[in-house]
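First up is the structure itself, then whatever we jot down about it.
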Amino acid sequence: MSESQIAKLEYLRGSKKIPRVDANGHEYFYSEGAMSPYDDLSLLGRTMLTSEGTINRSTHIIKDPTTNRMRLLTPIECERLNQFPDDWTNSGMPNKRRYVMMGNALVCGIVSRLGVEIEK
């Protein structure tokens, strides 16, 4: 990740209390609590969203254990989080679309377990 992307994430994941005005002229504060700067690899993975391929507050960011640098998940890592086979979305579509596919997907293991229970 570039320094500008890291700076953007620091802002997006930081706590905020921003004054705003609604359409009726009512003033209020938009508030967000702080988030961890990156996802802890020892914890369960968070839900994937269709916006995964962009830099936003919910983007999965990890501190690479090999390089110690912040980075986005790869499409294959996103597939693994959802329990899909490696390269399942690699059918010639751009990586950005692969991220969207994983954001729309259900975790395979959950669907399999539901199927077993429905069959019973």
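Ligands are numbered from 1 in the order shown, residues from 1 within each chain, and chains are lettered A, B, ... in the order they appear in the structure tokens.
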
Exercise: region 11-26 of chain A partners within 9 Å, only C-alpha atoms, chain neighbours under 6 positions left out, as a short mmCIF file (atom, residue, chain, number, x, y, z; two decimals) with all heavy atoms, in the first residue's frame:
```cif
data_model
loop_
_atom_site.label_atom_id
_atom_site.label_comp_id
_atom_site.auth_asym_id
_atom_site.auth_seq_id
_atom_site.Cartn_x
_atom_site.Cartn_y
_atom_site.Cartn_z
N GLU A 32 -18.12 8.37 14.57
CA GLU A 32 -17.64 7.00 14.35
C GLU A 32 -16.55 6.73 15.36
O GLU A 32 -15.71 7.58 15.62
CB GLU A 32 -17.02 6.83 12.95
CG GLU A 32 -17.99 6.78 11.82
CD GLU A 32 -17.31 6.56 10.48
OE1 GLU A 32 -16.15 6.97 10.29
OE2 GLU A 32 -17.97 5.96 9.62
N GLY A 33 -16.56 5.53 15.90
CA GLY A 33 -15.49 5.12 16.80
C GLY A 33 -14.29 4.62 16.01
O GLY A 33 -14.39 4.30 14.83
N ALA A 34 -13.16 4.56 16.65
CA ALA A 34 -11.93 4.11 16.00
C ALA A 34 -11.98 2.61 15.74
O ALA A 34 -12.63 1.86 16.47
CB ALA A 34 -10.73 4.45 16.87
N MET A 35 -11.29 2.20 14.69
CA MET A 35 -11.11 0.79 14.35
C MET A 35 -9.63 0.48 14.39
O MET A 35 -8.79 1.37 14.26
CB MET A 35 -11.62 0.51 12.92
CG MET A 35 -13.09 0.62 12.73
SD MET A 35 -13.55 0.35 10.99
CE MET A 35 -13.09 -1.35 10.74
N SER A 36 -9.31 -0.79 14.49
CA SER A 36 -7.92 -1.22 14.40
C SER A 36 -7.37 -0.82 13.03
O SER A 36 -8.09 -0.88 12.03
CB SER A 36 -7.85 -2.74 14.56
OG SER A 36 -6.56 -3.21 14.30
N PRO A 37 -6.10 -0.43 12.95
CA PRO A 37 -5.53 -0.03 11.65
C PRO A 37 -5.44 -1.18 10.65
O PRO A 37 -5.38 -0.95 9.45
CB PRO A 37 -4.16 0.52 12.00
CG PRO A 37 -3.85 0.01 13.36
CD PRO A 37 -5.16 -0.28 14.04
N ASN A 56 -11.61 1.80 1.78
CA ASN A 56 -12.68 2.40 2.57
C ASN A 56 -12.57 1.87 4.00
O ASN A 56 -11.72 1.04 4.30
CB ASN A 56 -14.05 2.11 1.94
CG ASN A 56 -14.36 0.64 1.90
OD1 ASN A 56 -14.56 0.01 2.94
ND2 ASN A 56 -14.37 0.06 0.70
N ARG A 57 -13.42 2.33 4.87
CA ARG A 57 -13.35 1.99 6.29
C ARG A 57 -13.42 0.48 6.54
O ARG A 57 -12.80 -0.03 7.46
CB ARG A 57 -14.49 2.72 7.02
CG ARG A 57 -14.49 2.54 8.53
CD ARG A 57 -15.54 3.46 9.14
NE ARG A 57 -15.80 3.13 10.52
CZ ARG A 57 -15.13 3.60 11.57
NH1 ARG A 57 -14.12 4.42 11.37
NH2 ARG A 57 -15.45 3.26 12.79
N SER A 58 -14.16 -0.24 5.72
CA SER A 58 -14.37 -1.67 5.96
C SER A 58 -13.40 -2.58 5.19
O SER A 58 -13.46 -3.79 5.33
CB SER A 58 -15.81 -2.05 5.61
OG SER A 58 -16.03 -1.85 4.23
#
```

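Of the residues in region 57-99 of chain A, those given helix (DSSP H, G or I) by DSSP on the backbone are Pro75, Ile76, Glu77, Cys78, Glu79, Arg80, Leu81, Asn95, Lys96, Arg97, Arg98 and Tyr99 of chain A.
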
Review point. Excluding same-chain residues fewer than 2 positions from region 68-75 of chain A, what lies within 10 Å of it counting only C-alpha atoms, as a PyMOL selection string?
Key: chain A and resi 1-3+5-6+37-39+52-55+59-66+77-81+86-90+95-102

Review point. Got a sec to tell me which of chain A DSSP assigns to strand (DSSP E), as a PyMOL selection string?
Key: chain A and resi 16-21+27-32+61-63+70-72

Exercise for review: Choose the residue, out of A:Ser31, A:Asn104, A:Asn82, A:Ser112, that has the smallest atom-to-atom separation from Leu44 (chain A); count only C-alpha atoms.
Suggested key: A:Asn82

**Study point:** Straight-line distance linking CA of Glu117 (chain A) with CA of Thr50 (chain A), stated in Å to one decimal
**Key:** 28.3 Å

Exercise for review: Within 12 Å of Ile110 (chain A), counting only C-alpha atoms, which residues show up once you throw out same-chain ones fewer than 5 positions away? Write them as number ranges by chain, please.
Suggested key: A: 82-84, 105, 115-117
